[in-house]
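So the structure is just underneath, and the comments pick up after that.
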Amino acid sequence: MRLQFCAKPWSNRLIRRRAGLLSFCGVAGLAVGACTHTPEQVAVAADALQTASLPGSVTLSTKTTTVVPGEPVTIEDKRDWIEMPYAVTRADLKELYAMPPIETAPQFQFSTLVPPGAELWDPFDIHVQSSESFLVGDDAKSGRIWQVNIDGSVKSVAAPERFAPYTFDIAPASFGRYAGHIYALAFNEPTQAGGWELADAIIRVDPNTGEDTLVCYLPDNETGAGAGGFFVRFGPPNTPFADKLWITTASNHSIYHVAADGTCSSFVTIDLDRWGSPRGIGFTPDGKSLLLATAKPDAANRAKTLRGGGKILLMSADGAIADKPVATGLHEPGQMAYAPNGFGNFAGELFVADAGDWHNERGIAEQPNKGPTETVGNDGRVFRVTSEGKLELVASGLRNPVGVGFLGNALAVGDINGDFHIGYQKFPDGFVILIKPK
Ligand SMILES: [Ca+2]
Ligand SMILES: [Ca+2]
């Protein structure tokens, strides 16, 4: 049987009607294994659809079905994805869009650049363009790449219809006619009865037109396990990692790469027990090593990862991982960035977002239809790694921060916040803060 990656760790966005039942995928988070769901979960989902308290709509990928309160919803196209109807009060939304209780270490201060309730749904991966703006990948709703400006304004750069991108990078000069194009890891469409591999589509987006093209679906790794990706980065020019897009796949704990000719290959599969499950990617300033962030699965429940078990490792271009980590003591380390010279006393230090527990399972398995603020904890943090290799707290009280990037001398941190809330719905609750030294 083909191994499945049950959606991205924070997602249960995909609901599939099959054999007359609604089935969920994604509840099991980062587990490698079949997506299985209890009859209770299925019943709750079906109930949520069929007894929507307010009129709404169910959006299939190509069509919309109107939801009439109390009446069953008929979904004809079993291969399509759906989103749940809206059924929330204004009071719910007020709570949902309230900022979490963020605190910084004494040497830092923060301000809100884009608040929850604006345009961002799941701002995941930050790509700095200048000191004035950055691009951010957002898979929620139908998937977008946004440009966020220093004044807090948000503009859509691309809205791929078929695939929902969330992590991406800009192709280097060596990619010839595709130099400057956006290469993104995106959610796939469900293509197989019985399950699907998610987040295994590599797409290329022309930033001038917003048009997207499928480059490949990541192949299985050498053990036959399917690839559910987490993060991508191009290798820096003139280094052993140059001219390739590097990809971490959390489902089969592997590293992949994509070449300019569109070849997509499994590069190495790492020892899950020894190193953990791959997350964010970066590169050391000298370009000799790939920074590989990992999370440690809980042996008792592989769908969960352990607080304190996350690491940042060094991988050389031959796939070997150095025994000594760059940092330990993390939980779910995402994007990493080195501070520029203007960043006070912290120039040259490595900053990393740590989402903590994704809390992606509560909406369905633990807290069906409870209030929106009960679904996501405030365990997200930002850390820095000192020149001595010590992990120091920069900010706490975030929800699910993943993206970090320096806009001039301010650190932008993107927080996807909740992935699903009441009724398993998505809302534009994502936000961005800026952190500066005092
Ligand atoms: Ca969100
Ligand atoms: Ca969290």
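Each chain in the structure tokens gets a letter, A, B, ..., in the order shown, and its residues are numbered from 1; ligands are numbered from 1 in order too.
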>> If we count only C-alpha atoms and set the cut-off at 8 Å, which residues sit around Phe187 (chain A), ignoring sequence neighbours fewer than 5 positions away in its own chain? Please answer as a VMD selection string.
In response: chain A and resid 139 163 to 165 198 to 201
Residues as selected, C-alpha atoms, written as a PDB file, in the first residue's frame, can you do that?
ATOM      1  CA  ASP A 139      -2.418  27.934   0.597  1.00  0.00           C
ATOM      2  CA  PHE A 163      -2.822  24.036  -7.013  1.00  0.00           C
ATOM      3  CA  ALA A 164      -2.506  25.873  -3.710  1.00  0.00           C
ATOM      4  CA  PRO A 165       1.100  27.025  -3.186  1.00  0.00           C
ATOM      5  CA  LEU A 198      -0.655  16.019  -0.756  1.00  0.00           C
ATOM      6  CA  ALA A 199       1.690  18.929  -1.159  1.00  0.00           C
ATOM      7  CA  ASP A 200       3.714  17.101  -3.766  1.00  0.00           C
ATOM      8  CA  ALA A 201       3.141  19.354  -6.765  1.00  0.00           C
TER       9      ALA A 201
END
Who sits within 12 Å of Ala299 (chain A), only C-alpha atoms, same chain under 3 positions skipped, as a JSON list (two decimals) with C-alpha atoms, in the first residue's frame:
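Below you can see selection19.json, which holds the result:
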[["chain", "number", "residue", "atom", "x", "y", "z"],
["A", 31, "ALA", "CA", 1.85, 10.82, 10.76],
["A", 272, "LEU", "CA", 13.84, 9.69, 11.32],
["A", 273, "ASP", "CA", 14.72, 8.37, 14.75],
["A", 276, "GLY", "CA", 13.80, 13.85, 13.15],
["A", 296, "LYS", "CA", 11.02, 14.97, 16.71],
["A", 302, "ARG", "CA", 3.70, 9.66, 15.46],
["A", 303, "ALA", "CA", 1.11, 12.23, 14.52],
["A", 304, "LYS", "CA", 2.59, 14.47, 17.21],
["A", 305, "THR", "CA", 6.00, 16.00, 17.70],
["A", 306, "LEU", "CA", 7.79, 16.72, 20.96],
["A", 309, "GLY", "CA", 12.87, 17.78, 20.40]]
>> Set the distance at 10 Å and use only C-alpha atoms: which residues neighbour Glu222 (chain A) once local chain neighbours fewer than 6 positions away are removed? I'd like the list as JSON, numbers by chain.
In response: {"A": [252, 254, 266, 267, 268, 269]}
File of the preceding selection, N, CA and C atoms, as a tab-separated table (two decimals), in the first residue's frame:
chain	number	residue	atom	x	y	z
A	252	ASN	N	7.86	11.48	4.19
A	252	ASN	CA	8.78	10.34	4.04
A	252	ASN	C	10.20	10.74	4.46
A	254	SER	N	12.46	12.93	3.74
A	254	SER	CA	13.45	12.96	2.67
A	254	SER	C	13.74	14.40	2.23
A	266	SER	N	14.36	12.40	-5.79
A	266	SER	CA	14.62	12.17	-4.37
A	266	SER	C	16.13	12.18	-4.18
A	267	PHE	N	16.61	12.97	-3.20
A	267	PHE	CA	18.06	13.12	-3.01
A	267	PHE	C	18.55	12.21	-1.89
A	268	VAL	N	17.95	12.32	-0.72
A	268	VAL	CA	18.37	11.49	0.40
A	268	VAL	C	17.19	11.34	1.36
A	269	THR	N	17.11	10.19	1.99
A	269	THR	CA	16.12	9.98	3.05
A	269	THR	C	16.88	9.92	4.36
Taking a cut-off of 10 Å and counting only C-alpha atoms and all ligand atoms, can you build a table that, for each residue of chain A near ligand 1, reports the nearest atom pair and how far apart they are in Å (one decimal), sorted by chain then residue number, as JSON lines?
{"residue": "A:Trp10", "atom": "CA", "partner": "ligand 1", "partner_atom_place_in_ligand_line": "1 (Ca)", "distance": 9.2}
{"residue": "A:Ser11", "atom": "CA", "partner": "ligand 1", "partner_atom_place_in_ligand_line": "1 (Ca)", "distance": 9.4}
{"residue": "A:Leu96", "atom": "CA", "partner": "ligand 1", "partner_atom_place_in_ligand_line": "1 (Ca)", "distance": 9.9}
{"residue": "A:Pro116", "atom": "CA", "partner": "ligand 1", "partner_atom_place_in_ligand_line": "1 (Ca)", "distance": 8.7}
{"residue": "A:Gly117", "atom": "CA", "partner": "ligand 1", "partner_atom_place_in_ligand_line": "1 (Ca)", "distance": 9.7}
{"residue": "A:Leu120", "atom": "CA", "partner": "ligand 1", "partner_atom_place_in_ligand_line": "1 (Ca)", "distance": 7.6}
{"residue": "A:Trp121", "atom": "CA", "partner": "ligand 1", "partner_atom_place_in_ligand_line": "1 (Ca)", "distance": 4.5}
{"residue": "A:Asp122", "atom": "CA", "partner": "ligand 1", "partner_atom_place_in_ligand_line": "1 (Ca)", "distance": 4.2}
{"residue": "A:Pro123", "atom": "CA", "partner": "ligand 1", "partner_atom_place_in_ligand_line": "1 (Ca)", "distance": 7.5}
{"residue": "A:Phe124", "atom": "CA", "partner": "ligand 1", "partner_atom_place_in_ligand_line": "1 (Ca)", "distance": 9.3}
{"residue": "A:Asp138", "atom": "CA", "partner": "ligand 1", "partner_atom_place_in_ligand_line": "1 (Ca)", "distance": 9.0}
{"residue": "A:Asp139", "atom": "CA", "partner": "ligand 1", "partner_atom_place_in_ligand_line": "1 (Ca)", "distance": 9.4}
{"residue": "A:Ala140", "atom": "CA", "partner": "ligand 1", "partner_atom_place_in_ligand_line": "1 (Ca)", "distance": 7.3}
{"residue": "A:Lys141", "atom": "CA", "partner": "ligand 1", "partner_atom_place_in_ligand_line": "1 (Ca)", "distance": 9.8}
{"residue": "A:Arg399", "atom": "CA", "partner": "ligand 1", "partner_atom_place_in_ligand_line": "1 (Ca)", "distance": 9.6}
{"residue": "A:Asn400", "atom": "CA", "partner": "ligand 1", "partner_atom_place_in_ligand_line": "1 (Ca)", "distance": 8.6}
{"residue": "A:Asp415", "atom": "CA", "partner": "ligand 1", "partner_atom_place_in_ligand_line": "1 (Ca)", "distance": 7.8}
{"residue": "A:Ile416", "atom": "CA", "partner": "ligand 1", "partner_atom_place_in_ligand_line": "1 (Ca)", "distance": 4.4}
{"residue": "A:Asn417", "atom": "CA", "partner": "ligand 1", "partner_atom_place_in_ligand_line": "1 (Ca)", "distance": 4.6}
{"residue": "A:Gly418", "atom": "CA", "partner": "ligand 1", "partner_atom_place_in_ligand_line": "1 (Ca)", "distance": 4.4}
{"residue": "A:Asp419", "atom": "CA", "partner": "ligand 1", "partner_atom_place_in_ligand_line": "1 (Ca)", "distance": 4.5}
{"residue": "A:Phe420", "atom": "CA", "partner": "ligand 1", "partner_atom_place_in_ligand_line": "1 (Ca)", "distance": 7.1}
{"residue": "A:His421", "atom": "CA", "partner": "ligand 1", "partner_atom_place_in_ligand_line": "1 (Ca)", "distance": 9.0}
{"residue": "A:Gln425", "atom": "CA", "partner": "ligand 1", "partner_atom_place_in_ligand_line": "1 (Ca)", "distance": 9.7}
{"residue": "A:Lys426", "atom": "CA", "partner": "ligand 1", "partner_atom_place_in_ligand_line": "1 (Ca)", "distance": 6.5}
{"residue": "A:Phe427", "atom": "CA", "partner": "ligand 1", "partner_atom_place_in_ligand_line": "1 (Ca)", "distance": 6.1}
{"residue": "A:Pro428", "atom": "CA", "partner": "ligand 1", "partner_atom_place_in_ligand_line": "1 (Ca)", "distance": 5.9}
{"residue": "A:Asp429", "atom": "CA", "partner": "ligand 1", "partner_atom_place_in_ligand_line": "1 (Ca)", "distance": 4.9}
{"residue": "A:Gly430", "atom": "CA", "partner": "ligand 1", "partner_atom_place_in_ligand_line": "1 (Ca)", "distance": 4.7}
{"residue": "A:Phe431", "atom": "CA", "partner": "ligand 1", "partner_atom_place_in_ligand_line": "1 (Ca)", "distance": 8.4}
List the neighbours of Asp286 (chain A) out to 12 Å using only C-alpha atoms; skip same-chain residues closer than 3 positions along the sequence, and give me the result as an mmCIF file with N, CA and C atoms, in the first residue's frame.
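As a result, part_21.cif now contains:
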data_model
loop_
_atom_site.group_PDB
_atom_site.id
_atom_site.type_symbol
_atom_site.label_atom_id
_atom_site.label_comp_id
_atom_site.auth_asym_id
_atom_site.auth_seq_id
_atom_site.Cartn_x
_atom_site.Cartn_y
_atom_site.Cartn_z
ATOM 1 N N GLY A 235 19.302 26.591 -3.839
ATOM 2 C CA GLY A 235 20.655 26.660 -3.326
ATOM 3 C C GLY A 235 21.319 27.952 -3.769
ATOM 4 N N PRO A 236 22.153 28.538 -2.908
ATOM 5 C CA PRO A 236 22.815 29.791 -3.295
ATOM 6 C C PRO A 236 23.743 29.581 -4.502
ATOM 7 N N PRO A 237 23.888 30.599 -5.372
ATOM 8 C CA PRO A 237 24.774 30.478 -6.535
ATOM 9 C C PRO A 237 26.212 30.204 -6.102
ATOM 10 N N ASN A 238 26.953 29.522 -6.952
ATOM 11 C CA ASN A 238 28.383 29.261 -6.724
ATOM 12 C C ASN A 238 28.649 28.491 -5.432
ATOM 13 N N THR A 239 27.738 27.628 -5.079
ATOM 14 C CA THR A 239 27.943 26.727 -3.945
ATOM 15 C C THR A 239 27.603 25.309 -4.429
ATOM 16 N N PRO A 240 27.934 24.300 -3.635
ATOM 17 C CA PRO A 240 27.587 22.928 -4.058
ATOM 18 C C PRO A 240 26.073 22.694 -4.172
ATOM 19 N N PHE A 241 25.281 23.601 -3.631
ATOM 20 C CA PHE A 241 23.818 23.437 -3.697
ATOM 21 C C PHE A 241 23.196 24.248 -4.833
ATOM 22 N N GLY A 282 17.401 26.241 5.108
ATOM 23 C CA GLY A 282 18.172 27.459 4.886
ATOM 24 C C GLY A 282 19.566 27.043 4.451
ATOM 25 N N PHE A 283 20.448 28.022 4.311
ATOM 26 C CA PHE A 283 21.837 27.723 3.974
ATOM 27 C C PHE A 283 22.747 28.576 4.845
ATOM 28 N N SER A 289 26.842 24.504 3.661
ATOM 29 C CA SER A 289 25.925 23.573 4.316
ATOM 30 C C SER A 289 24.481 24.032 4.178
ATOM 31 N N LEU A 290 23.619 23.048 4.098
ATOM 32 C CA LEU A 290 22.185 23.300 4.128
ATOM 33 C C LEU A 290 21.744 23.243 5.591
ATOM 34 N N LEU A 291 21.006 24.258 6.007
ATOM 35 C CA LEU A 291 20.419 24.246 7.350
ATOM 36 C C LEU A 291 19.112 23.454 7.268
ATOM 37 N N SER A 316 25.643 18.509 4.451
ATOM 38 C CA SER A 316 26.552 18.857 3.360
ATOM 39 C C SER A 316 25.952 18.396 2.034
#
>> Hey, which residues sit close to ligand 2? Say within 8 Å, counting only C-alpha atoms and all ligand atoms, and write them as a PyMOL selection string.
In response: chain A and resi 354-359+376-380+398-401+417
>> I'd like to know which of A:Ile255, A:Ala171, A:Val385, A:Val128 is closest to Ala242 (chain A), using only C-alpha atoms.
In response: A:Ala171
> Neighbours of His253 (chain A) within 6 Å (only C-alpha atoms; same-chain residues fewer than 5 positions away dropped), as a list of chain:residue names?
Replying inline: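 Contacts, with the query itself left out: A:Thr269, A:Ile270, A:Ser277, A:Pro278.
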Dump of N, CA and C atoms for the selected residues, as a PDB file, in the first residue's frame:
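Saved file selection_0.pdb follows:
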ATOM      1  N   THR A 269      17.109  10.188   1.986  1.00  0.00           N
ATOM      2  CA  THR A 269      16.122   9.975   3.048  1.00  0.00           C
ATOM      3  C   THR A 269      16.878   9.922   4.361  1.00  0.00           C
ATOM      4  N   ILE A 270      16.461  10.718   5.327  1.00  0.00           N
ATOM      5  CA  ILE A 270      17.237  10.790   6.562  1.00  0.00           C
ATOM      6  C   ILE A 270      16.650   9.848   7.622  1.00  0.00           C
ATOM      7  N   SER A 277      12.058  14.681  11.717  1.00  0.00           N
ATOM      8  CA  SER A 277      11.295  14.851  10.485  1.00  0.00           C
ATOM      9  C   SER A 277      11.599  16.223   9.885  1.00  0.00           C
ATOM     10  N   PRO A 278      11.976  16.270   8.595  1.00  0.00           N
ATOM     11  CA  PRO A 278      12.433  17.528   7.996  1.00  0.00           C
ATOM     12  C   PRO A 278      11.363  18.617   7.961  1.00  0.00           C
TER      13      PRO A 278
END
> Which residues in region 202-266 of chain A does DSSP call strand (DSSP E or B)? List them as a ChimeraX atom specification.
Replying inline: /A:202-205,212-217,229-235,242,244-249,254-259,264-266
> What is the CA of Thr209 (chain A)-CA of Ala158 (chain A) distance in Å, reported with one decimal?
Replying inline: 8.0 Å
> From the list A:Lys94, A:Lys311, A:Lys324, A:Arg204, which residue is nearest Ala186 (chain A) when using only C-alpha atoms?
Replying inline: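 Smallest separation from Ala186 (chain A) among the options: A:Arg204.
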>> Need the shell around Ile202 (chain A): protein/DNA/RNA residues with any atom at most 9 Å away, counting only C-alpha atoms. Skip same-chain ones fewer than 6 positions apart. Format as a list in words?
In response: Pro165, Tyr183, Ala184, Leu185, Ala186, Phe187, Asn188, Thr213, Leu214, Val215, Cys216, Tyr217, Leu218, Val258 and Cys264 of chain A
